[in-house]
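What follows is final.tsv (TSV, C-alpha atoms).
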```
chain	number	residue	atom	x	y	z
A	30	MET	CA	0.00	0.00	0.00
A	31	ALA	CA	2.68	2.42	1.05
A	32	ASP	CA	4.70	1.57	-2.04
A	33	ILE	CA	1.81	2.40	-4.32
A	34	ALA	CA	1.24	5.68	-2.54
A	35	PHE	CA	4.91	6.58	-2.92
A	36	LEU	CA	4.92	5.66	-6.57
A	37	LEU	CA	1.86	7.84	-7.12
A	38	LEU	CA	3.51	10.68	-5.24
A	39	ILE	CA	6.64	10.47	-7.37
A	40	PHE	CA	4.61	10.16	-10.56
A	41	PHE	CA	2.64	13.33	-9.85
A	42	LEU	CA	5.75	15.18	-8.66
A	43	VAL	CA	7.37	14.52	-11.98
A	44	THR	CA	4.42	15.10	-14.31
A	45	THR	CA	2.68	18.10	-12.77
A	46	THR	CA	3.05	21.41	-14.55
A	47	ILE	CA	1.46	24.51	-13.21
A	48	GLU	CA	-0.97	26.19	-15.58
A	49	THR	CA	0.14	29.62	-16.78
A	50	ASP	CA	-2.12	32.60	-17.28
A	51	ALA	CA	-3.98	32.68	-20.55
A	52	GLY	CA	-4.06	35.89	-22.50
A	53	LEU	CA	-3.33	37.81	-25.69
A	54	ASP	CA	0.28	38.22	-26.82
A	55	ARG	CA	1.25	41.53	-28.36
A	56	MET	CA	4.48	43.12	-29.54
A	57	LEU	CA	5.04	46.74	-28.60
A	58	PRO	CA	6.32	49.10	-31.27
A	59	PRO	CA	9.98	50.11	-31.06
A	60	ILE	CA	10.63	53.40	-29.35
A	61	GLU	CA	12.11	55.22	-32.37
A	62	PRO	CA	9.78	55.54	-35.31
A	63	PRO	CA	11.22	54.28	-38.61
A	64	GLU	CA	13.08	57.04	-40.44
A	65	ASP	CA	11.50	56.86	-43.85
A	66	ASP	CA	7.78	57.37	-43.97
A	67	VAL	CA	6.19	54.72	-46.09
A	68	VAL	CA	3.22	55.78	-48.11
A	69	ILE	CA	0.35	53.36	-47.69
A	70	LYS	CA	-2.69	53.54	-49.87
A	71	GLN	CA	-5.87	54.35	-47.99
A	72	LYS	CA	-7.59	51.28	-49.41
A	73	ASN	CA	-5.03	49.04	-47.73
A	74	ILE	CA	-5.81	50.40	-44.28
A	75	PHE	CA	-8.72	49.15	-42.22
A	76	THR	CA	-9.34	51.73	-39.53
A	77	VAL	CA	-11.02	50.86	-36.28
A	78	ASN	CA	-11.75	53.72	-33.91
A	79	VAL	CA	-13.03	53.11	-30.42
A	80	ASN	CA	-14.59	55.99	-28.52
A	81	ARG	CA	-14.88	56.50	-24.78
A	82	ASN	CA	-18.25	54.76	-24.60
A	83	GLY	CA	-16.88	51.67	-26.28
A	84	GLN	CA	-18.58	52.28	-29.63
A	85	LEU	CA	-16.76	51.26	-32.78
A	86	LEU	CA	-16.25	53.32	-35.90
A	87	VAL	CA	-14.99	50.97	-38.60
A	88	GLU	CA	-14.05	52.48	-41.96
A	89	GLU	CA	-16.07	55.61	-41.05
A	90	GLU	CA	-19.16	53.61	-40.19
A	91	LEU	CA	-20.66	52.77	-36.83
A	92	MET	CA	-20.40	49.03	-36.28
A	93	ASP	CA	-21.45	46.54	-33.67
A	94	ILE	CA	-18.65	44.51	-32.09
A	95	LYS	CA	-20.40	41.33	-33.27
A	96	ASN	CA	-19.75	42.22	-36.90
A	97	LEU	CA	-16.14	43.28	-36.48
A	98	ARG	CA	-14.58	39.89	-37.08
A	99	ALA	CA	-16.47	39.27	-40.31
A	100	ALA	CA	-15.60	42.77	-41.56
A	101	ALA	CA	-11.91	42.26	-40.76
A	102	VAL	CA	-11.90	38.87	-42.49
A	103	ALA	CA	-13.56	40.36	-45.57
A	104	PHE	CA	-10.95	43.14	-45.67
A	105	LEU	CA	-7.91	40.88	-45.20
A	106	ASP	CA	-9.15	38.23	-47.59
A	107	ASN	CA	-10.18	40.69	-50.28
A	108	GLY	CA	-7.27	40.39	-52.72
A	109	GLY	CA	-8.29	43.34	-54.92
A	110	LEU	CA	-5.55	43.04	-57.54
A	111	LYS	CA	-6.40	41.51	-60.89
A	112	PRO	CA	-4.87	38.18	-61.98
A	113	GLY	CA	-1.54	38.83	-63.68
A	114	GLU	CA	-0.77	41.97	-61.70
A	115	GLU	CA	2.21	41.83	-59.36
A	116	GLY	CA	1.19	40.74	-55.87
A	117	TYR	CA	-1.99	39.04	-57.03
A	118	CYS	CA	-3.39	36.89	-54.25
A	119	ASN	CA	-4.30	33.47	-55.64
A	120	TYR	CA	-5.45	31.97	-52.36
A	121	CYS	CA	-7.83	34.78	-51.36
A	122	LYS	CA	-11.48	33.93	-51.38
A	123	GLY	CA	-12.84	37.41	-50.81
A	124	GLU	CA	-14.89	39.85	-52.87
A	125	ARG	CA	-11.94	41.00	-55.03
A	126	ASP	CA	-13.17	44.55	-54.66
A	127	PRO	CA	-10.59	46.91	-56.22
A	128	GLY	CA	-11.56	49.52	-53.63
A	129	SER	CA	-10.43	47.37	-50.70
A	130	SER	CA	-7.07	45.78	-49.80
A	131	ASP	CA	-4.71	44.67	-52.61
A	132	ASN	CA	-3.48	41.51	-50.93
A	133	PRO	CA	-3.13	40.19	-47.35
A	134	GLY	CA	0.53	41.20	-47.26
A	135	LYS	CA	-0.38	44.84	-47.77
A	136	ALA	CA	-3.51	44.91	-45.64
A	137	ILE	CA	-3.01	46.78	-42.39
A	138	ILE	CA	-5.45	47.06	-39.54
A	139	SER	CA	-5.12	50.33	-37.70
A	140	LEU	CA	-6.63	50.48	-34.24
A	141	LYS	CA	-7.16	53.77	-32.49
A	142	ASN	CA	-8.49	54.12	-28.98
A	143	ASP	CA	-9.66	56.95	-26.82
A	144	ARG	CA	-7.80	57.55	-23.56
A	145	GLU	CA	-11.04	57.09	-21.66
A	146	THR	CA	-11.90	53.76	-23.27
A	147	LYS	CA	-12.26	50.92	-20.82
A	148	TYR	CA	-9.65	48.19	-20.89
A	149	SER	CA	-12.31	45.48	-21.26
A	150	VAL	CA	-13.48	47.00	-24.54
A	151	TYR	CA	-9.89	47.17	-25.78
A	152	ILE	CA	-9.36	43.48	-25.04
A	153	THR	CA	-12.64	42.54	-26.74
A	154	VAL	CA	-11.64	44.43	-29.89
A	155	GLN	CA	-8.15	42.92	-29.90
A	156	ASN	CA	-9.71	39.51	-29.42
A	157	GLU	CA	-11.97	39.91	-32.45
A	158	LEU	CA	-9.10	41.11	-34.66
A	159	VAL	CA	-6.77	38.29	-33.61
A	160	ALA	CA	-9.66	35.88	-34.15
A	161	ALA	CA	-10.05	37.21	-37.71
A	162	TYR	CA	-6.37	36.49	-38.44
A	163	ASN	CA	-6.64	33.07	-36.82
A	164	GLU	CA	-9.71	32.20	-38.87
A	165	LEU	CA	-7.91	32.92	-42.13
A	166	ARG	CA	-4.70	31.24	-41.04
A	167	ASN	CA	-6.60	28.17	-39.95
A	168	ARG	CA	-8.29	28.02	-43.33
A	169	GLU	CA	-4.97	28.12	-45.17
A	170	ALA	CA	-3.28	25.69	-42.77
A	171	ASN	CA	-6.12	23.24	-43.27
A	172	ARG	CA	-5.82	23.54	-47.02
A	173	LEU	CA	-2.03	23.10	-47.06
A	174	PHE	CA	-1.30	20.81	-44.13
A	175	GLY	CA	-4.67	19.49	-43.05
A	176	ARG	CA	-4.64	20.87	-39.53
A	177	ASP	CA	-5.40	24.06	-37.64
A	178	PHE	CA	-2.80	26.81	-37.52
A	179	THR	CA	-3.44	27.58	-33.85
A	180	ASP	CA	-2.88	23.91	-33.08
A	181	MET	CA	0.41	23.87	-35.02
A	182	GLU	CA	1.63	27.06	-33.40
A	183	GLN	CA	0.85	25.78	-29.92
A	184	GLU	CA	2.82	22.62	-30.58
A	185	TYR	CA	5.69	24.59	-32.05
A	186	LEU	CA	5.92	26.88	-29.02
A	187	ASN	CA	5.68	24.05	-26.54
A	188	PRO	CA	9.21	23.41	-25.17
A	189	GLU	CA	8.41	19.73	-24.70
A	190	THR	CA	8.02	19.15	-28.43
A	191	PRO	CA	11.04	17.24	-29.80
A	192	GLU	CA	13.55	19.29	-31.78
A	193	THR	CA	13.00	17.43	-35.07
A	194	VAL	CA	9.24	17.99	-34.98
A	195	ARG	CA	9.82	21.64	-34.09
A	196	GLU	CA	12.10	22.22	-37.07
A	197	GLU	CA	9.48	20.80	-39.38
A	198	LEU	CA	6.69	22.82	-37.79
A	199	LYS	CA	8.73	26.02	-37.92
A	200	ASP	CA	8.63	26.12	-41.71
A	201	LYS	CA	4.94	25.33	-41.85
A	202	VAL	CA	4.04	27.93	-39.24
A	203	LYS	CA	6.19	30.50	-41.03
A	204	ARG	CA	4.59	29.70	-44.36
A	205	VAL	CA	1.06	30.19	-43.06
A	206	GLN	CA	2.06	33.35	-41.20
A	207	ASP	CA	3.49	34.75	-44.41
A	208	LEU	CA	0.22	34.12	-46.24
A	209	PHE	CA	-1.63	36.29	-43.72
A	210	PRO	CA	0.96	38.39	-41.86
A	211	GLN	CA	-0.44	40.02	-38.76
A	212	LYS	CA	-0.17	43.74	-39.38
A	213	LEU	CA	-2.00	45.35	-36.56
A	214	SER	CA	-0.99	48.89	-35.83
A	215	GLU	CA	-2.04	50.70	-32.71
A	216	ALA	CA	-2.08	54.45	-33.07
A	217	GLU	CA	-1.51	56.53	-29.99
A	218	THR	CA	-4.60	57.03	-27.93
A	219	SER	CA	-6.36	60.28	-28.63
A	220	LYS	CA	-7.38	62.87	-26.10
A	221	ASN	CA	-10.97	63.20	-27.24
B	10	MET	CA	4.34	-40.21	-7.10
B	11	LYS	CA	4.53	-37.33	-4.79
B	12	PHE	CA	2.84	-34.07	-5.37
B	13	SER	CA	3.90	-31.26	-3.23
B	14	ASN	CA	1.08	-28.87	-2.67
B	15	GLU	CA	3.33	-26.16	-1.46
B	16	ARG	CA	3.53	-23.43	-4.03
B	17	ARG	CA	6.68	-21.62	-4.93
B	18	GLY	CA	6.27	-18.19	-3.40
B	19	MET	CA	6.91	-15.08	-5.47
B	20	GLN	CA	10.31	-13.65	-4.89
B	21	GLU	CA	9.80	-10.58	-2.67
B	22	LEU	CA	11.37	-7.38	-3.89
B	23	ASN	CA	13.29	-5.75	-1.12
B	24	THR	CA	11.70	-2.34	-0.63
B	25	ALA	CA	13.25	-1.52	2.70
B	26	ALA	CA	15.22	1.35	1.19
B	27	LEU	CA	12.28	2.92	-0.63
B	28	PRO	CA	11.06	5.12	2.24
B	29	ASP	CA	14.56	6.55	2.57
B	30	ILE	CA	14.65	7.46	-1.09
B	31	VAL	CA	11.23	9.02	-0.94
B	32	PHE	CA	12.12	11.01	2.14
B	33	ILE	CA	15.24	12.30	0.50
B	34	LEU	CA	13.18	13.36	-2.52
B	35	LEU	CA	10.58	14.93	-0.27
B	36	PHE	CA	13.21	16.91	1.63
B	37	PHE	CA	14.90	17.92	-1.58
B	38	PHE	CA	11.71	19.38	-3.03
B	39	MET	CA	10.72	20.88	0.29
B	40	THR	CA	13.93	22.82	0.55
B	41	THR	CA	14.21	23.87	-3.09
B	42	THR	CA	10.62	24.90	-3.78
B	43	THR	CA	9.69	28.50	-3.25
B	44	PHE	CA	6.14	29.72	-3.41
B	45	LYS	CA	5.13	33.09	-4.65
B	46	ASN	CA	3.28	34.50	-1.75
B	47	THR	CA	1.85	37.77	-2.91
B	48	GLN	CA	-1.47	39.17	-1.97
B	49	VAL	CA	-3.41	41.05	-4.55
B	50	GLN	CA	-3.62	44.64	-3.41
B	51	VAL	CA	-5.48	46.13	-6.34
B	52	GLU	CA	-8.88	45.53	-7.84
B	53	ASN	CA	-8.35	42.88	-10.48
B	54	GLN	CA	-11.42	41.86	-12.38
B	55	LEU	CA	-9.95	40.45	-15.59
B	56	PRO	CA	-11.68	40.90	-18.94
B	57	SER	CA	-12.51	37.82	-20.98
B	58	ALA	CA	-11.39	36.83	-24.47
B	59	LYS	CA	-11.81	33.83	-26.73
B	60	VAL	CA	-8.58	33.44	-28.65
B	61	VAL	CA	-6.25	33.30	-25.65
B	62	GLU	CA	-2.80	31.72	-25.72
B	63	HIS	CA	-0.84	30.23	-22.86
B	64	LEU	CA	2.68	31.31	-22.10
B	65	GLU	CA	5.11	28.45	-22.53
B	66	ARG	CA	8.15	29.88	-20.80
B	67	THR	CA	7.75	31.30	-17.34
B	68	ASP	CA	11.39	31.90	-16.45
B	69	ARG	CA	11.55	35.27	-18.15
B	70	THR	CA	8.35	36.91	-17.06
B	71	ILE	CA	7.50	39.87	-14.88
B	72	THR	CA	3.94	40.25	-13.68
B	73	LEU	CA	2.25	43.62	-13.31
B	74	LEU	CA	-1.15	44.00	-11.71
B	75	VAL	CA	-2.98	47.18	-12.56
B	76	GLY	CA	-6.12	48.52	-10.95
B	77	GLN	CA	-7.66	50.63	-8.23
B	78	PRO	CA	-6.05	50.03	-4.83
B	79	LEU	CA	-8.22	47.98	-2.50
B	80	LYS	CA	-7.40	50.00	0.60
B	81	GLY	CA	-5.09	52.67	1.94
B	82	GLN	CA	-3.13	54.61	-0.64
B	83	ALA	CA	-5.43	56.44	-3.01
B	84	ALA	CA	-4.67	56.57	-6.70
B	85	ALA	CA	-4.40	59.80	-8.63
B	86	GLU	CA	-7.60	61.42	-9.82
B	87	GLY	CA	-8.89	61.41	-13.36
B	88	GLU	CA	-8.10	59.14	-16.26
B	89	LEU	CA	-4.76	57.96	-14.89
B	90	SER	CA	-6.24	56.71	-11.63
B	91	ALA	CA	-4.76	53.27	-11.09
B	92	LEU	CA	-1.85	51.76	-9.20
B	93	ILE	CA	0.54	49.06	-10.29
B	94	GLN	CA	1.58	46.13	-8.17
B	95	ILE	CA	4.86	44.31	-8.73
B	96	ASN	CA	5.37	41.44	-6.31
B	97	ASP	CA	4.40	43.01	-2.99
B	98	ARG	CA	5.03	46.61	-3.89
B	99	LEU	CA	2.37	49.09	-4.89
B	100	LEU	CA	3.55	51.93	-7.04
B	101	GLY	CA	2.34	54.73	-9.21
B	102	LEU	CA	3.02	55.16	-12.92
B	103	GLN	CA	5.95	57.50	-12.34
B	104	SER	CA	8.14	54.89	-10.60
B	105	LEU	CA	7.22	52.01	-12.92
B	106	GLU	CA	10.36	52.22	-15.05
B	107	ASN	CA	12.70	51.92	-12.07
B	108	GLU	CA	10.85	49.02	-10.57
B	109	VAL	CA	10.63	47.07	-13.82
B	110	LEU	CA	14.35	47.64	-14.31
B	111	LYS	CA	15.00	46.23	-10.85
B	112	GLU	CA	12.94	43.17	-11.71
B	113	ILE	CA	14.80	42.67	-14.98
B	114	ASN	CA	18.07	42.75	-13.07
B	115	THR	CA	16.98	39.87	-10.88
B	116	LYS	CA	16.80	37.66	-13.97
B	117	PRO	CA	19.83	35.72	-15.16
B	118	GLN	CA	21.99	37.60	-17.65
B	119	TYR	CA	21.05	35.56	-20.70
B	120	LEU	CA	17.33	36.21	-20.20
B	121	ARG	CA	17.49	39.95	-19.66
B	122	GLY	CA	17.19	40.73	-23.34
B	123	GLU	CA	14.03	38.70	-23.78
B	124	VAL	CA	11.95	39.55	-20.77
B	125	GLU	CA	8.20	39.28	-21.29
B	126	VAL	CA	5.73	41.24	-19.23
B	127	ILE	CA	2.47	39.73	-18.07
B	128	VAL	CA	-0.03	42.49	-17.44
B	129	LYS	CA	-3.17	41.79	-15.49
B	130	VAL	CA	-5.30	44.85	-15.88
B	131	ASP	CA	-8.64	45.42	-14.23
B	132	ALA	CA	-11.45	45.58	-16.78
B	133	GLY	CA	-12.50	49.03	-15.61
B	134	VAL	CA	-9.12	50.74	-15.99
B	135	ARG	CA	-8.95	53.50	-18.60
B	136	LEU	CA	-6.76	52.94	-21.63
B	137	ALA	CA	-4.67	56.01	-20.85
B	138	VAL	CA	-3.02	54.00	-18.06
B	139	VAL	CA	-2.36	51.06	-20.37
B	140	GLN	CA	-0.91	53.42	-22.95
B	141	GLU	CA	1.48	54.94	-20.38
B	142	ILE	CA	2.59	51.47	-19.31
B	143	LYS	CA	3.18	50.46	-22.92
B	144	GLU	CA	5.28	53.55	-23.57
B	145	LYS	CA	7.37	52.99	-20.45
B	146	LEU	CA	7.97	49.35	-21.26
B	147	SER	CA	8.93	50.11	-24.79
B	148	ALA	CA	11.40	52.73	-23.49
B	149	LEU	CA	13.05	49.90	-21.56
B	150	SER	CA	13.07	47.88	-24.79
B	151	VAL	CA	10.75	45.30	-23.34
B	152	ARG	CA	8.69	44.42	-26.38
B	153	LYS	CA	6.65	41.35	-25.56
B	154	VAL	CA	3.47	41.91	-23.59
B	155	HIS	CA	0.94	39.32	-22.55
B	156	TYR	CA	-2.49	40.73	-21.70
B	157	VAL	CA	-4.06	38.26	-19.32
B	158	ALA	CA	-7.71	37.51	-19.97
B	159	LEU	CA	-10.12	34.86	-18.80
B	160	PRO	CA	-10.81	32.30	-21.50
B	161	LYS	CA	-14.47	31.99	-22.44
B	162	GLY	CA	-16.53	29.66	-24.59
B	163	ASP	CA	-15.93	28.64	-28.18
B	164	GLY	CA	-13.24	30.13	-30.38
```
Kindly transcribe the structure held in the file into structure tokens.
Amino acid sequence: MADIAFLLLIFFLVTTTIETDAGLDRMLPPIEPPEDDVVIKQKNIFTVNVNRNGQLLVEEELMDIKNLRAAAVAFLDNGGLKPGEEGYCNYCKGERDPGSSDNPGKAIISLKNDRETKYSVYITVQNELVAAYNELRNREANRLFGRDFTDMEQEYLNPETPETVREELKDKVKRVQDLFPQKLSEAETSKN
Amino acid sequence: MKFSNERRGMQELNTAALPDIVFILLFFFMTTTTFKNTQVQVENQLPSAKVVEHLERTDRTITLLVGQPLKGQAAAEGELSALIQINDRLLGLQSLENEVLKEINTKPQYLRGEVEVIVKVDAGVRLAVVQEIKEKLSALSVRKVHYVALPKGDG
């Protein structure tokens, strides 16, 4: 009896890992702004403004938070260039509206918040935008490799994954990320 | 013919030394384990999100709690009204840089360049505070931030 208890004790000692906090990962912008100003066409920018009451103004129109993800997906997946033009997006399944983004590589989401906005609203908006990227990346990962991108990324980041598997996953993860690069810019919060 | 009805007993494994081993292990873990024993001193009602990720490496993280103080020390008025808690210390925005720097210096040399900051911000805090924190962290060239949120429902 005692032996079994000890074995159990040792087993759990060895296998237990303590759960870390779940959350959204973000990179902060570098402190010095890049020297040369790049000109970005207005149609390649998807602007999201959040006011102090938590209302959203998306592309100059009032929008409910429920519709934000679909709107972001439509923008990123648009692929407005014509076949044959440089940068034509052959995997996009969007509207191909020439007035929206050229291709996912050029599409930028610009998020602007008010200083009085509540943090919970900010997280909800971030969540929807990350979800939009994940949705598209999952679609491509399923088409190319037959599994979800989020699943692949999680396995890649897990330090317990063997080195050989990691090397293989690295290329796949990179490839899907390059199809839909996450370009989410946060403008400085405005005073009013 | 003779049949012996005595069975051959199973060879007993000598486990006399097992308790010693286990006790040594127990003492080893008892002496080497340290618990983080910090009490939350600020209001910390976390927001919820669906597409959350878990941090895989915890050796390079610094945790900041941001919110209204629960008692005592009052926060500044207006949009910047929140205090920050690092370990057991409560501080205002103005001393954040120093304190984060101190925390970075407690990490081993090879991790100092890749410190990640876990921020647990109360859902009711105004974004101005978050913006200030982001600017201060980026001035310290800490680039990776993990906004803690409670996972909810389907993705």
Using 8 Å as the limit and counting all atoms listed in the file, can you tabulate each residue of chain A that touches chain B, with its shortest atom-to-atom distance in Å and the two atoms involved, as a Markdown table?
```
| residue | atom | partner | partner_atom | distance |
| --- | --- | --- | --- | --- |
| A:Asp32 | CA | B:Leu27 | CA | 7.8 |
| A:Phe35 | CA | B:Val31 | CA | 7.1 |
| A:Thr49 | CA | B:Leu64 | CA | 6.1 |
| A:Asp50 | CA | B:His63 | CA | 6.2 |
| A:Ala51 | CA | B:His63 | CA | 4.6 |
| A:Gly52 | CA | B:Val157 | CA | 4.0 |
| A:Leu53 | CA | B:Tyr156 | CA | 5.0 |
| A:Asp54 | CA | B:His155 | CA | 4.5 |
| A:Arg55 | CA | B:Val154 | CA | 5.3 |
| A:Met56 | CA | B:Lys153 | CA | 4.9 |
| A:Leu57 | CA | B:Arg152 | CA | 4.9 |
| A:Pro58 | CA | B:Ser147 | CA | 7.1 |
| A:Pro59 | CA | B:Ser147 | CA | 6.4 |
| A:Ile60 | CA | B:Ser147 | CA | 5.9 |
| A:Asn142 | CA | B:Leu136 | CA | 7.6 |
| A:Asp143 | CA | B:Leu136 | CA | 7.2 |
| A:Arg144 | CA | B:Ala137 | CA | 4.4 |
| A:Glu145 | CA | B:Arg135 | CA | 5.2 |
| A:Thr146 | CA | B:Leu136 | CA | 5.5 |
| A:Lys147 | CA | B:Arg135 | CA | 4.7 |
| A:Tyr148 | CA | B:Ala132 | CA | 5.2 |
| A:Ser149 | CA | B:Ala132 | CA | 4.6 |
| A:Tyr151 | CA | B:Leu136 | CA | 7.8 |
| A:Ile152 | CA | B:Ala58 | CA | 7.0 |
| A:Thr153 | CA | B:Ala58 | CA | 6.3 |
| A:Asn156 | CA | B:Ala58 | CA | 5.9 |
| A:Val159 | CA | B:Val60 | CA | 7.2 |
| A:Ala160 | CA | B:Val60 | CA | 6.1 |
| A:Leu186 | CA | B:Glu65 | CA | 6.7 |
| A:Asn187 | CA | B:Glu65 | CA | 6.0 |
| A:Pro188 | CA | B:Glu65 | CA | 7.0 |
| A:Glu217 | CA | B:Gln140 | CA | 7.7 |
| A:Thr218 | CA | B:Ala137 | CA | 7.2 |
```
If we count all atoms listed in the file, what is near Val124 (chain B) at a cut-off of 6 Å, once residues fewer than 3 positions away on the same chain are taken out, given as a PyMOL selection string?
-> chain B and resi 69-70+121
What does the distance from CA of Cys121 (chain A) to CA of Ile94 (chain A) come to in Å, to one decimal?
->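 If I compute the distance from CA of Cys121 (chain A) to CA of Ile94 (chain A), I get 24.1 Å.
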Which one of A:Asn163, A:Thr76, A:Gln183, A:Asn82 sits closest to Glu215 (chain A) if you count all atoms listed in the file?
->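 Ranked by minimum distance to Glu215 (chain A), first place goes to A:Thr76.
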re CA of Asn107 (chain A) and CA of Gln84 (chain A): distance 25.1 Å
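With all atoms listed in the file as the atoms that count, the residue of A:Phe41, A:Tyr185, A:Tyr117, A:Phe75 with the shortest distance to Ser139 (chain A) is A:Phe75.
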For Gly76 (chain B), work out the shell of residues within 7 Å, counting all atoms listed in the file and skipping chain neighbours fewer than 2 positions away, then give it as a ChimeraX atom specification.
-> /B:51-53,74,78,91-93,130-131,134
Please write as a ChimeraX atom specification the list of polymer residues whose atoms come within 12 Å of (-18.2, 56.0, -41.9), counting only C-alpha atoms and keeping to the coordinates of the file.
-> /A:75-78,85-92
Which value, in Å to one decimal, gives the distance between CA of Tyr119 (chain B) and CA of Phe44 (chain B)?
-> 23.6 Å
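Contact shell of Asn73 (chain A) at 8 Å (all atoms listed in the file; same-chain neighbours under 3 positions omitted): Ile69, Lys70, Ser129, Ser130, Asp131, Lys135, Ala136 and Ile137 of chain A.
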Write out as a list in words which residues come within 12 Å of Asn96 (chain B) when counting only C-alpha atoms, dropping same-chain ones fewer than 5 positions away.
-> Lys45, Asn46, Thr47, Gln48, Val49, Gln50, Val51, Ile71, Thr72, Leu73, Leu74, Val75, Glu108, Val109, Lys111 and Glu112 of chain B
For those residues, write C-alpha atoms to a file as a short mmCIF file (atom, residue, chain, number, x, y, z; two decimals), keeping the file's coordinate frame.
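Now in out.cif:
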```cif
data_model
loop_
_atom_site.label_atom_id
_atom_site.label_comp_id
_atom_site.auth_asym_id
_atom_site.auth_seq_id
_atom_site.Cartn_x
_atom_site.Cartn_y
_atom_site.Cartn_z
CA LYS B 45 5.13 33.09 -4.65
CA ASN B 46 3.28 34.50 -1.75
CA THR B 47 1.85 37.77 -2.91
CA GLN B 48 -1.47 39.17 -1.97
CA VAL B 49 -3.41 41.05 -4.55
CA GLN B 50 -3.62 44.64 -3.41
CA VAL B 51 -5.48 46.13 -6.34
CA ILE B 71 7.50 39.87 -14.88
CA THR B 72 3.94 40.25 -13.68
CA LEU B 73 2.25 43.62 -13.31
CA LEU B 74 -1.15 44.00 -11.71
CA VAL B 75 -2.98 47.18 -12.56
CA GLU B 108 10.85 49.02 -10.57
CA VAL B 109 10.63 47.07 -13.82
CA LYS B 111 15.00 46.23 -10.85
CA GLU B 112 12.94 43.17 -11.71
#
```
Enclose the full set of atoms of region 132-142 of chain B listed in the file within a box whose edges lie along x, y and z, apply 5 Å of padding to each of the six sides, and report centre and edge lengths in Å to one decimal as AutoDock Vina command-line options.
```
--center_x -5.0 --center_y 50.8 --center_z -19.3 --size_x 25.1 --size_y 20.4 --size_z 17.3
```
